[in-house]
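A.B. asks: What follows is query.csv, made up of CSV, C-alpha atoms:
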```
chain,number,residue,atom,x,y,z
X,18,MET,CA,17.2,18.6,4.1
X,19,LEU,CA,15.8,17.2,0.9
X,20,PRO,CA,13.1,19.1,-1.0
X,21,LEU,CA,9.5,18.0,-0.5
X,22,SER,CA,8.8,17.5,-4.2
X,23,TRP,CA,11.3,14.6,-4.4
X,24,PHE,CA,9.3,12.5,-1.9
X,25,LEU,CA,6.1,13.4,-3.8
X,26,VAL,CA,7.6,12.2,-7.1
X,27,VAL,CA,8.6,8.9,-5.5
X,28,GLY,CA,5.1,8.6,-4.1
X,29,GLY,CA,3.6,9.3,-7.5
X,30,ALA,CA,5.8,6.7,-9.2
X,31,LEU,CA,4.8,4.0,-6.7
X,32,PHE,CA,1.2,5.0,-7.1
X,33,SER,CA,1.4,4.7,-10.9
X,34,VAL,CA,3.1,1.3,-10.6
X,35,GLY,CA,0.2,0.2,-8.3
X,36,LEU,CA,-2.3,1.7,-10.8
X,37,TYR,CA,-0.8,-0.4,-13.6
X,38,ALA,CA,-1.1,-3.5,-11.4
X,39,VAL,CA,-4.7,-2.9,-10.7
X,40,LEU,CA,-5.6,-2.3,-14.3
X,41,ALA,CA,-3.4,-5.0,-15.9
X,42,ARG,CA,-3.4,-7.9,-13.5
X,43,ALA,CA,-6.0,-10.8,-13.8
X,44,HIS,CA,-5.1,-12.7,-10.6
X,45,ALA,CA,-7.2,-11.3,-7.6
X,46,ALA,CA,-4.2,-11.4,-5.2
X,47,LEU,CA,-2.1,-9.5,-7.6
X,48,VAL,CA,-4.7,-6.8,-7.9
X,49,LEU,CA,-4.7,-6.6,-4.1
X,50,ILE,CA,-0.9,-6.2,-4.3
X,51,GLY,CA,-1.4,-3.2,-6.6
X,52,ILE,CA,-3.9,-1.7,-4.2
X,53,GLU,CA,-1.4,-2.1,-1.4
X,54,LEU,CA,1.2,-0.3,-3.4
X,55,MET,CA,-1.2,2.6,-4.1
X,56,LEU,CA,-2.1,2.8,-0.4
X,57,ASN,CA,1.6,2.9,0.5
X,58,ALA,CA,2.3,5.6,-2.1
X,59,VAL,CA,-0.5,7.8,-0.6
X,60,THR,CA,0.8,7.2,3.0
X,61,LEU,CA,4.2,8.2,1.8
X,62,ASN,CA,2.9,11.5,0.4
X,63,LEU,CA,0.9,12.1,3.5
X,64,VAL,CA,3.9,11.7,5.8
X,65,ALA,CA,6.0,13.9,3.5
X,66,PHE,CA,3.4,16.7,3.6
X,67,ALA,CA,3.1,16.2,7.4
X,68,THR,CA,6.8,16.5,7.9
X,69,TYR,CA,7.2,19.7,5.8
X,70,ALA,CA,4.0,21.4,7.0
X,71,PRO,CA,4.8,23.8,9.9
X,72,GLY,CA,3.3,22.4,13.0
X,73,GLY,CA,1.4,19.7,11.2
X,74,GLN,CA,3.6,16.8,12.1
X,75,PHE,CA,1.5,15.3,14.9
X,76,THR,CA,-1.8,15.5,13.1
X,77,GLY,CA,-0.3,14.1,9.9
X,78,GLN,CA,1.4,11.2,11.6
X,79,VAL,CA,-1.7,10.3,13.6
X,80,VAL,CA,-3.9,10.4,10.5
X,81,THR,CA,-1.3,8.2,8.7
X,82,LEU,CA,-1.6,5.7,11.6
X,83,PHE,CA,-5.3,5.5,11.0
X,84,VAL,CA,-4.7,5.0,7.3
X,85,ILE,CA,-2.4,2.0,8.1
X,86,ALA,CA,-5.0,0.6,10.4
X,87,VAL,CA,-7.8,0.8,7.9
X,88,ALA,CA,-5.6,-0.7,5.2
X,89,ALA,CA,-4.9,-3.6,7.5
X,90,ALA,CA,-8.6,-4.2,8.0
X,91,GLU,CA,-9.1,-3.9,4.2
X,92,VAL,CA,-6.5,-6.6,3.5
X,93,GLY,CA,-8.0,-9.0,5.9
X,94,LEU,CA,-11.5,-8.7,4.3
X,95,ALA,CA,-10.1,-8.8,0.8
X,96,ILE,CA,-8.3,-12.0,1.5
X,97,ALA,CA,-11.4,-13.6,3.0
X,98,ILE,CA,-13.3,-12.6,-0.1
X,99,ILE,CA,-10.6,-14.1,-2.4
X,100,MET,CA,-10.7,-17.4,-0.5
X,101,ARG,CA,-14.4,-17.6,-0.6
X,102,LEU,CA,-14.3,-16.8,-4.3
X,103,PHE,CA,-11.8,-19.6,-4.9
X,104,ARG,CA,-13.9,-22.0,-2.9
X,105,ASN,CA,-17.1,-21.2,-4.8
X,106,ARG,CA,-15.7,-20.8,-8.3
X,107,ALA,CA,-12.4,-22.6,-8.3
X,108,THR,CA,-10.8,-19.5,-9.9
X,109,VAL,CA,-9.3,-16.2,-8.8
X,110,ASP,CA,-9.3,-14.6,-12.2
X,111,VAL,CA,-11.1,-11.3,-11.9
X,112,ASP,CA,-12.2,-11.3,-15.5
X,113,VAL,CA,-14.1,-14.6,-15.0
X,114,VAL,CA,-16.2,-13.2,-12.1
X,115,ASP,CA,-17.6,-10.1,-13.7
X,116,GLU,CA,-21.3,-10.6,-13.1
X,117,MET,CA,-21.2,-9.0,-9.6
X,118,ARG,CA,-23.5,-11.6,-8.2
X,119,TRP,CA,-23.2,-15.1,-6.8
Z,27,MET,CA,26.9,14.1,-1.6
Z,28,SER,CA,25.2,14.4,1.7
Z,29,PRO,CA,24.2,11.2,3.6
Z,30,ALA,CA,20.5,12.1,3.4
Z,31,LEU,CA,20.7,12.3,-0.4
Z,32,LEU,CA,22.5,9.0,-0.6
Z,33,VAL,CA,19.9,7.3,1.6
Z,34,PHE,CA,17.1,8.9,-0.4
Z,35,ALA,CA,18.6,7.7,-3.7
Z,36,LEU,CA,19.1,4.1,-2.5
Z,37,LEU,CA,15.6,4.0,-1.0
Z,38,ALA,CA,14.0,5.4,-4.2
Z,39,LEU,CA,15.9,2.9,-6.3
Z,40,ALA,CA,14.8,0.0,-4.0
Z,41,ALA,CA,11.2,1.2,-4.0
Z,42,LEU,CA,10.9,1.6,-7.7
Z,43,VAL,CA,12.8,-1.6,-8.6
Z,44,SER,CA,10.7,-3.7,-6.2
Z,45,GLY,CA,7.5,-2.0,-7.2
Z,46,LEU,CA,8.1,-2.6,-10.9
Z,47,GLY,CA,9.2,-6.2,-10.2
Z,48,SER,CA,6.1,-6.7,-8.1
Z,49,VAL,CA,3.7,-5.7,-10.9
Z,50,THR,CA,5.5,-7.3,-13.8
Z,51,SER,CA,6.7,-10.6,-12.4
Z,52,ARG,CA,5.0,-13.7,-13.9
Z,53,SER,CA,5.2,-15.6,-10.7
Z,54,VAL,CA,2.8,-14.7,-7.9
Z,55,VAL,CA,5.2,-15.6,-5.2
Z,56,TYR,CA,7.9,-13.3,-6.6
Z,57,SER,CA,5.3,-10.6,-6.8
Z,58,ALA,CA,4.6,-10.9,-3.1
Z,59,LEU,CA,8.3,-10.9,-2.3
Z,60,PHE,CA,8.9,-7.8,-4.4
Z,61,LEU,CA,5.9,-6.2,-2.6
Z,62,LEU,CA,7.7,-6.8,0.7
Z,63,GLY,CA,10.8,-5.0,-0.7
Z,64,ALA,CA,8.7,-2.0,-1.7
Z,65,LEU,CA,7.0,-1.9,1.7
Z,66,VAL,CA,10.3,-2.0,3.5
Z,67,ALA,CA,11.6,0.8,1.3
Z,68,VAL,CA,8.5,2.9,2.2
Z,69,ALA,CA,9.3,2.3,5.9
Z,70,GLY,CA,12.8,3.6,5.2
Z,71,PHE,CA,11.3,6.7,3.7
Z,72,PHE,CA,9.2,7.2,6.8
Z,73,ILE,CA,12.4,7.1,9.0
Z,74,LEU,CA,14.1,9.5,6.6
Z,75,LEU,CA,11.1,11.8,7.0
Z,76,LEU,CA,11.7,11.8,10.8
Z,77,ALA,CA,8.6,9.6,11.5
Z,78,GLU,CA,10.4,6.7,13.2
Z,79,PHE,CA,7.3,5.4,14.9
Z,80,LEU,CA,5.4,5.2,11.6
Z,81,GLY,CA,8.4,3.5,10.0
Z,82,LEU,CA,8.3,0.8,12.7
Z,83,ALA,CA,4.5,0.5,12.5
Z,84,GLN,CA,4.9,0.1,8.7
Z,85,LEU,CA,7.5,-2.7,9.1
Z,86,LEU,CA,5.4,-4.5,11.7
Z,87,LEU,CA,2.0,-4.2,10.1
Z,88,TYR,CA,2.9,-4.4,6.4
Z,89,GLY,CA,6.1,-6.4,6.4
Z,90,GLY,CA,5.0,-8.7,9.2
Z,91,THR,CA,1.3,-9.1,8.6
Z,92,VAL,CA,0.0,-8.1,5.2
Z,93,VAL,CA,2.7,-9.9,3.2
Z,94,VAL,CA,2.2,-13.0,5.3
Z,95,LEU,CA,-1.6,-12.8,4.6
Z,96,ILE,CA,-0.9,-12.5,0.9
Z,97,PHE,CA,1.3,-15.5,1.0
Z,98,PHE,CA,-1.4,-17.5,2.8
Z,99,VAL,CA,-4.0,-16.6,0.1
Z,100,LEU,CA,-1.5,-17.5,-2.7
Z,101,MET,CA,-0.9,-20.8,-1.0
Z,102,LEU,CA,-4.6,-21.6,-0.4
Z,103,THR,CA,-5.8,-20.6,-3.9
Z,104,ARG,CA,-3.2,-22.5,-6.0
Z,105,GLN,CA,-4.7,-23.5,-9.3
Z,106,GLU,CA,-3.8,-26.7,-11.2
Z,107,GLU,CA,-3.0,-25.6,-14.7
Z,108,GLY,CA,-1.4,-22.4,-15.9
Z,109,GLU,CA,-3.2,-19.5,-14.3
Z,110,ARG,CA,-3.4,-16.2,-16.1
Z,111,VAL,CA,-1.6,-13.4,-14.2
Z,112,ASP,CA,-2.2,-10.5,-16.7
Z,113,ASN,CA,-5.2,-9.6,-18.7
Z,114,PRO,CA,-5.0,-8.5,-22.4
Z,115,TRP,CA,-5.2,-4.8,-21.5
Z,116,ARG,CA,-1.6,-4.6,-20.2
Z,117,TRP,CA,-0.3,-2.1,-22.7
Z,118,GLY,CA,-3.4,0.2,-22.3
Z,119,ALA,CA,-2.8,0.0,-18.5
Z,120,ALA,CA,0.8,0.9,-18.9
Z,121,VAL,CA,0.0,3.9,-21.0
Z,122,ALA,CA,-2.7,5.0,-18.5
Z,123,ALA,CA,-0.2,4.7,-15.6
Z,124,LEU,CA,2.5,6.5,-17.5
Z,125,LEU,CA,0.1,9.3,-18.4
Z,126,PHE,CA,-1.0,9.7,-14.8
Z,127,PHE,CA,2.6,9.8,-13.7
Z,128,ALA,CA,3.6,12.4,-16.3
Z,129,LEU,CA,0.6,14.6,-15.3
Z,130,TYR,CA,1.3,14.2,-11.6
Z,131,THR,CA,5.0,14.9,-11.9
Z,132,PHE,CA,4.3,18.0,-13.9
Z,133,ALA,CA,1.9,19.2,-11.3
Z,134,VAL,CA,4.3,18.5,-8.4
Z,135,LEU,CA,7.3,20.1,-10.0
Z,136,THR,CA,5.5,23.3,-11.1
Z,137,THR,CA,3.9,23.9,-7.7
Z,138,PRO,CA,5.9,26.1,-5.2
Z,139,TRP,CA,6.3,24.1,-2.0
Z,140,PRO,CA,7.3,25.6,1.4
Z,141,ALA,CA,11.0,24.9,1.9
Z,142,GLU,CA,11.2,24.9,5.7
Z,143,ASP,CA,13.4,22.5,7.5
Z,144,PRO,CA,11.4,20.0,9.4
Z,145,GLU,CA,12.0,19.5,13.1
Z,146,LEU,CA,12.3,16.2,15.0
Z,147,ILE,CA,9.3,15.5,17.2
Z,148,SER,CA,9.2,13.2,20.2
Z,149,ILE,CA,7.3,9.9,20.1
Z,150,GLY,CA,6.0,10.7,23.6
Z,151,GLU,CA,4.4,13.9,22.3
Z,152,LEU,CA,2.9,11.9,19.3
Z,153,GLY,CA,1.4,9.4,21.8
Z,154,ARG,CA,-0.1,12.2,23.8
Z,155,THR,CA,-1.7,13.7,20.6
Z,156,LEU,CA,-3.0,10.3,19.7
Z,157,PHE,CA,-4.6,9.6,23.1
Z,158,ALA,CA,-5.8,13.1,23.9
Z,159,ASP,CA,-6.9,14.8,20.7
Z,160,TRP,CA,-7.6,11.7,18.6
Z,161,VAL,CA,-8.9,9.3,21.2
Z,162,LEU,CA,-12.4,9.0,19.7
Z,163,PRO,CA,-11.1,8.1,16.2
Z,164,PHE,CA,-8.7,5.7,17.8
Z,165,GLU,CA,-11.5,3.8,19.5
Z,166,ILE,CA,-13.5,3.8,16.3
Z,167,ALA,CA,-10.5,2.4,14.5
Z,168,SER,CA,-10.2,-0.4,17.0
Z,169,MET,CA,-13.9,-1.2,16.6
Z,170,LEU,CA,-13.4,-1.2,12.8
Z,171,LEU,CA,-10.5,-3.7,13.1
Z,172,LEU,CA,-12.7,-5.9,15.3
Z,173,VAL,CA,-15.6,-5.8,12.9
Z,174,ALA,CA,-13.3,-6.5,10.0
Z,175,LEU,CA,-11.8,-9.4,11.8
Z,176,ILE,CA,-15.2,-11.0,12.6
Z,177,GLY,CA,-16.4,-10.3,9.1
Z,178,ALA,CA,-13.3,-11.9,7.6
Z,179,ILE,CA,-13.8,-15.0,9.7
Z,180,ILE,CA,-17.5,-15.3,8.7
Z,181,ILE,CA,-16.8,-14.8,5.0
Z,182,ALA,CA,-13.9,-17.3,4.9
Z,183,ARG,CA,-15.4,-20.0,7.1
Z,184,ALA,CA,-16.5,-23.1,5.4
Z,185,ARG,CA,-20.2,-23.3,5.1
Z,186,ASP,CA,-21.6,-26.4,6.9
```
Could you render the structure from this file as structure tokens?
C.D. replies:
Amino acid sequence: MLPLSWFLVVGGALFSVGLYAVLARAHAALVLIGIELMLNAVTLNLVAFATYAPGGQFTGQVVTLFVIAVAAAEVGLAIAIIMRLFRNRATVDVDVVDEMRW
Amino acid sequence: MSPALLVFALLALAALVSGLGSVTSRSVVYSALFLLGALVAVAGFFILLLAEFLGLAQLLLYGGTVVVLIFFVLMLTRQEEGERVDNPWRWGAAVAALLFFALYTFAVLTTPWPAEDPELISIGELGRTLFADWVLPFEIASMLLLVALIGAIIIARARD
């Protein structure tokens, strides 16, 4: 079987890619894509740890399921917020809406 | 070269190429399509890590739902003239991400990890764990999804 650290490195690479997107993108939906990549990288690490931890597979996989469920809820809300933003401001550029008020 | 190694290499290549494509593409639609590729590769990693149920959940929830939702929002928020996809801090962001990756990889590679062979677990046993030991968090998660659904409808609804 493959060593645990390989999976962790792939997870870290995906996380860094997502981090870049969150920092560098200006379109709100593209920032959301970066957040999704980071969440997936974290889930990948969690499953890798769960698989290699002695006796920790059930707990790890169940917790991962919860992470996926919460991520789904987060995406739904984020998309509603982006649509509302576009309707009120006619833009989805995150640098334009930096006052944190309506 | 063992089959597991080959599958791992292909999945890692697919995940990194589509991840990088997703964050560097100038077109928002290509970004979302590349994201789908990265999510499917992560599902493959789950199956390689003997978590078949999670792999299928990932395919259904992310591949089937999240990407479709992102496509919806891209369609509904289309701007007339050239929209900016990157802000001027791209190079700073790239340096920050690379620094994080270097630090993280150093930490991962210098830590001694346990090298036990994982064992295959049954999905039935996983379901029993979920509905016996984790039943209260499970109910709370379903309530959270319901609340998020209602909240999303209220936020996105056109004001009369």
A.B. asks: Of the candidates Z:Ser57, Z:Leu152, Z:Val94, Z:Thr136, which one gets nearest to Val92 in chain X if we count only C-alpha atoms?
C.D. replies: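 Closest to Val92 in chain X, using only C-alpha atoms: Z:Val94.
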A.B. asks: Determine the nearest neighbour of chain Z from the options X:Val111, X:Ala90, X:Met55, X:Val39, counting all atoms listed in the file.
C.D. replies: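 When distances to chain Z are compared using all atoms listed in the file, the smallest one comes from X:Ala90.
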A.B. asks: Separation of CA of Thr103 in chain Z and CA of Ile179 in chain Z, in Å?
C.D. replies: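 Going from CA of Thr103 in chain Z over to CA of Ile179 in chain Z covers 16.7 Å.
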A.B. asks: Provide as a PDB file with C-alpha atoms, in the frame of the given file the residues of chain X at most 6 Å from chain Z, counting all atoms listed in the file.
C.D. replies:
```
ATOM      1  CA  SER X  33       1.400   4.700 -10.900  1.00  0.00           C
ATOM      2  CA  TYR X  37      -0.800  -0.400 -13.600  1.00  0.00           C
ATOM      3  CA  ALA X  38      -1.100  -3.500 -11.400  1.00  0.00           C
ATOM      4  CA  LEU X  40      -5.600  -2.300 -14.300  1.00  0.00           C
ATOM      5  CA  ALA X  41      -3.400  -5.000 -15.900  1.00  0.00           C
ATOM      6  CA  ARG X  42      -3.400  -7.900 -13.500  1.00  0.00           C
ATOM      7  CA  ALA X  43      -6.000 -10.800 -13.800  1.00  0.00           C
ATOM      8  CA  HIS X  44      -5.100 -12.700 -10.600  1.00  0.00           C
ATOM      9  CA  THR X  68       6.800  16.500   7.900  1.00  0.00           C
ATOM     10  CA  TYR X  69       7.200  19.700   5.800  1.00  0.00           C
ATOM     11  CA  PHE X  75       1.500  15.300  14.900  1.00  0.00           C
ATOM     12  CA  ALA X  90      -8.600  -4.200   8.000  1.00  0.00           C
ATOM     13  CA  LEU X  94     -11.500  -8.700   4.300  1.00  0.00           C
ATOM     14  CA  ALA X  97     -11.400 -13.600   3.000  1.00  0.00           C
ATOM     15  CA  ARG X 101     -14.400 -17.600  -0.600  1.00  0.00           C
TER      16      ARG X 101
END
```
A.B. asks: Would you mind reading off the distance between CA of Leu54 in chain X and CA of Phe32 in chain X, one decimal, in Å?
C.D. replies: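 It comes out at 6.5 Å.
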A.B. asks: In terms of the shortest atom-to-atom distance over all atoms listed in the file, which of X:Ala88, X:Leu63, X:Ala107, X:Leu19 is closest to Ile50 in chain X?
C.D. replies: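 Nearest candidate to Ile50 in chain X out of X:Ala88, X:Leu63, X:Ala107, X:Leu19: X:Ala88.
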A.B. asks: Which one is closest to Leu61 in chain X: Z:Ala67, Z:Leu32, Z:Met169, Z:Leu162? Count only C-alpha atoms.
C.D. replies: Z:Ala67
A.B. asks: Can you work out the spacing between CA of Gly70 in chain Z and CA of Ile52 in chain X in Å, to one decimal?
C.D. replies: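 Separating CA of Gly70 in chain Z from CA of Ile52 in chain X is a distance of 19.9 Å.
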A.B. asks: Give the answer as one residue: which of X:Ile99, X:Val64, X:Leu56, X:Leu21 has the shortest atom-to-atom distance to Val114 in chain X, using all atoms listed in the file?
C.D. replies: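 Smallest distance to Val114 in chain X is found for X:Ile99.
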A.B. asks: For a quick check of understanding, using all atoms listed in the file, which of Z:Ala158, Z:Leu86, Z:Met101, Z:Gly150 has the smallest distance to Ala86 in chain X?
C.D. replies: Z:Leu86
A.B. asks: Would you mind putting back N, CA, C and O atoms on range 35-60 of chain Z, then writing it out as an mmCIF file, keeping the file's coordinate frame?
C.D. replies:
```cif
data_model
loop_
_atom_site.group_PDB
_atom_site.id
_atom_site.type_symbol
_atom_site.label_atom_id
_atom_site.label_comp_id
_atom_site.auth_asym_id
_atom_site.auth_seq_id
_atom_site.Cartn_x
_atom_site.Cartn_y
_atom_site.Cartn_z
ATOM 1 N N ALA Z 35 18.451 8.301 -2.417
ATOM 2 C CA ALA Z 35 18.600 7.700 -3.700
ATOM 3 C C ALA Z 35 18.519 6.166 -3.632
ATOM 4 O O ALA Z 35 17.846 5.517 -4.448
ATOM 5 N N LEU Z 36 19.145 5.585 -2.611
ATOM 6 C CA LEU Z 36 19.100 4.100 -2.500
ATOM 7 C C LEU Z 36 17.653 3.661 -2.212
ATOM 8 O O LEU Z 36 17.187 2.678 -2.811
ATOM 9 N N LEU Z 37 16.940 4.402 -1.329
ATOM 10 C CA LEU Z 37 15.600 4.000 -1.000
ATOM 11 C C LEU Z 37 14.672 4.134 -2.252
ATOM 12 O O LEU Z 37 13.833 3.264 -2.520
ATOM 13 N N ALA Z 38 14.852 5.228 -3.009
ATOM 14 C CA ALA Z 38 14.000 5.400 -4.200
ATOM 15 C C ALA Z 38 14.278 4.301 -5.199
ATOM 16 O O ALA Z 38 13.342 3.736 -5.782
ATOM 17 N N LEU Z 39 15.565 3.956 -5.354
ATOM 18 C CA LEU Z 39 15.900 2.900 -6.300
ATOM 19 C C LEU Z 39 15.253 1.567 -5.821
ATOM 20 O O LEU Z 39 14.614 0.861 -6.613
ATOM 21 N N ALA Z 40 15.385 1.270 -4.516
ATOM 22 C CA ALA Z 40 14.800 0.000 -4.000
ATOM 23 C C ALA Z 40 13.305 0.012 -4.176
ATOM 24 O O ALA Z 40 12.716 -0.989 -4.623
ATOM 25 N N ALA Z 41 12.640 1.145 -3.865
ATOM 26 C CA ALA Z 41 11.200 1.200 -4.000
ATOM 27 C C ALA Z 41 10.731 0.991 -5.394
ATOM 28 O O ALA Z 41 9.805 0.208 -5.667
ATOM 29 N N LEU Z 42 11.396 1.666 -6.344
ATOM 30 C CA LEU Z 42 10.900 1.600 -7.700
ATOM 31 C C LEU Z 42 11.236 0.217 -8.329
ATOM 32 O O LEU Z 42 10.385 -0.362 -9.012
ATOM 33 N N VAL Z 43 12.444 -0.310 -8.062
ATOM 34 C CA VAL Z 43 12.800 -1.600 -8.600
ATOM 35 C C VAL Z 43 11.843 -2.678 -8.078
ATOM 36 O O VAL Z 43 11.271 -3.485 -8.834
ATOM 37 N N SER Z 44 11.621 -2.682 -6.746
ATOM 38 C CA SER Z 44 10.700 -3.700 -6.200
ATOM 39 C C SER Z 44 9.297 -3.488 -6.611
ATOM 40 O O SER Z 44 8.555 -4.446 -6.842
ATOM 41 N N GLY Z 45 8.885 -2.217 -6.727
ATOM 42 C CA GLY Z 45 7.500 -2.000 -7.200
ATOM 43 C C GLY Z 45 7.304 -2.465 -8.594
ATOM 44 O O GLY Z 45 6.336 -3.185 -8.868
ATOM 45 N N LEU Z 46 8.228 -2.135 -9.483
ATOM 46 C CA LEU Z 46 8.100 -2.600 -10.900
ATOM 47 C C LEU Z 46 8.179 -4.111 -10.953
ATOM 48 O O LEU Z 46 7.415 -4.758 -11.677
ATOM 49 N N GLY Z 47 9.111 -4.700 -10.186
ATOM 50 C CA GLY Z 47 9.200 -6.200 -10.200
ATOM 51 C C GLY Z 47 7.929 -6.796 -9.699
ATOM 52 O O GLY Z 47 7.469 -7.796 -10.253
ATOM 53 N N SER Z 48 7.316 -6.163 -8.687
ATOM 54 C CA SER Z 48 6.100 -6.700 -8.100
ATOM 55 C C SER Z 48 4.961 -6.740 -9.125
ATOM 56 O O SER Z 48 4.168 -7.682 -9.151
ATOM 57 N N VAL Z 49 4.862 -5.705 -9.972
ATOM 58 C CA VAL Z 49 3.700 -5.700 -10.900
ATOM 59 C C VAL Z 49 4.002 -6.312 -12.229
ATOM 60 O O VAL Z 49 3.086 -6.488 -13.018
ATOM 61 N N THR Z 50 5.254 -6.655 -12.520
ATOM 62 C CA THR Z 50 5.500 -7.300 -13.800
ATOM 63 C C THR Z 50 5.911 -8.734 -13.704
ATOM 64 O O THR Z 50 5.935 -9.421 -14.728
ATOM 65 N N SER Z 51 6.184 -9.224 -12.485
ATOM 66 C CA SER Z 51 6.700 -10.600 -12.400
ATOM 67 C C SER Z 51 5.570 -11.585 -12.800
ATOM 68 O O SER Z 51 4.387 -11.384 -12.561
ATOM 69 N N ARG Z 52 6.002 -12.655 -13.471
ATOM 70 C CA ARG Z 52 5.000 -13.700 -13.900
ATOM 71 C C ARG Z 52 4.667 -14.612 -12.795
ATOM 72 O O ARG Z 52 3.704 -15.368 -12.917
ATOM 73 N N SER Z 53 5.466 -14.660 -11.752
ATOM 74 C CA SER Z 53 5.200 -15.600 -10.700
ATOM 75 C C SER Z 53 4.566 -14.829 -9.493
ATOM 76 O O SER Z 53 5.046 -13.764 -9.095
ATOM 77 N N VAL Z 54 3.465 -15.374 -8.979
ATOM 78 C CA VAL Z 54 2.800 -14.700 -7.900
ATOM 79 C C VAL Z 54 3.589 -14.595 -6.648
ATOM 80 O O VAL Z 54 3.516 -13.623 -5.896
ATOM 81 N N VAL Z 55 4.421 -15.617 -6.401
ATOM 82 C CA VAL Z 55 5.200 -15.600 -5.200
ATOM 83 C C VAL Z 55 6.300 -14.527 -5.262
ATOM 84 O O VAL Z 55 6.524 -13.784 -4.298
ATOM 85 N N TYR Z 56 6.949 -14.384 -6.434
ATOM 86 C CA TYR Z 56 7.900 -13.300 -6.600
ATOM 87 C C TYR Z 56 7.262 -11.957 -6.438
ATOM 88 O O TYR Z 56 7.841 -11.029 -5.886
ATOM 89 N N SER Z 57 6.027 -11.841 -6.951
ATOM 90 C CA SER Z 57 5.300 -10.600 -6.800
ATOM 91 C C SER Z 57 5.160 -10.200 -5.344
ATOM 92 O O SER Z 57 5.411 -9.053 -4.966
ATOM 93 N N ALA Z 58 4.763 -11.175 -4.513
ATOM 94 C CA ALA Z 58 4.600 -10.900 -3.100
ATOM 95 C C ALA Z 58 5.913 -10.541 -2.441
ATOM 96 O O ALA Z 58 5.983 -9.639 -1.597
ATOM 97 N N LEU Z 59 6.995 -11.214 -2.843
ATOM 98 C CA LEU Z 59 8.300 -10.900 -2.300
ATOM 99 C C LEU Z 59 8.765 -9.507 -2.649
ATOM 100 O O LEU Z 59 9.297 -8.758 -1.822
ATOM 101 N N PHE Z 60 8.534 -9.144 -3.937
ATOM 102 C CA PHE Z 60 8.900 -7.800 -4.400
ATOM 103 C C PHE Z 60 8.067 -6.754 -3.616
ATOM 104 O O PHE Z 60 8.578 -5.682 -3.280
#
```
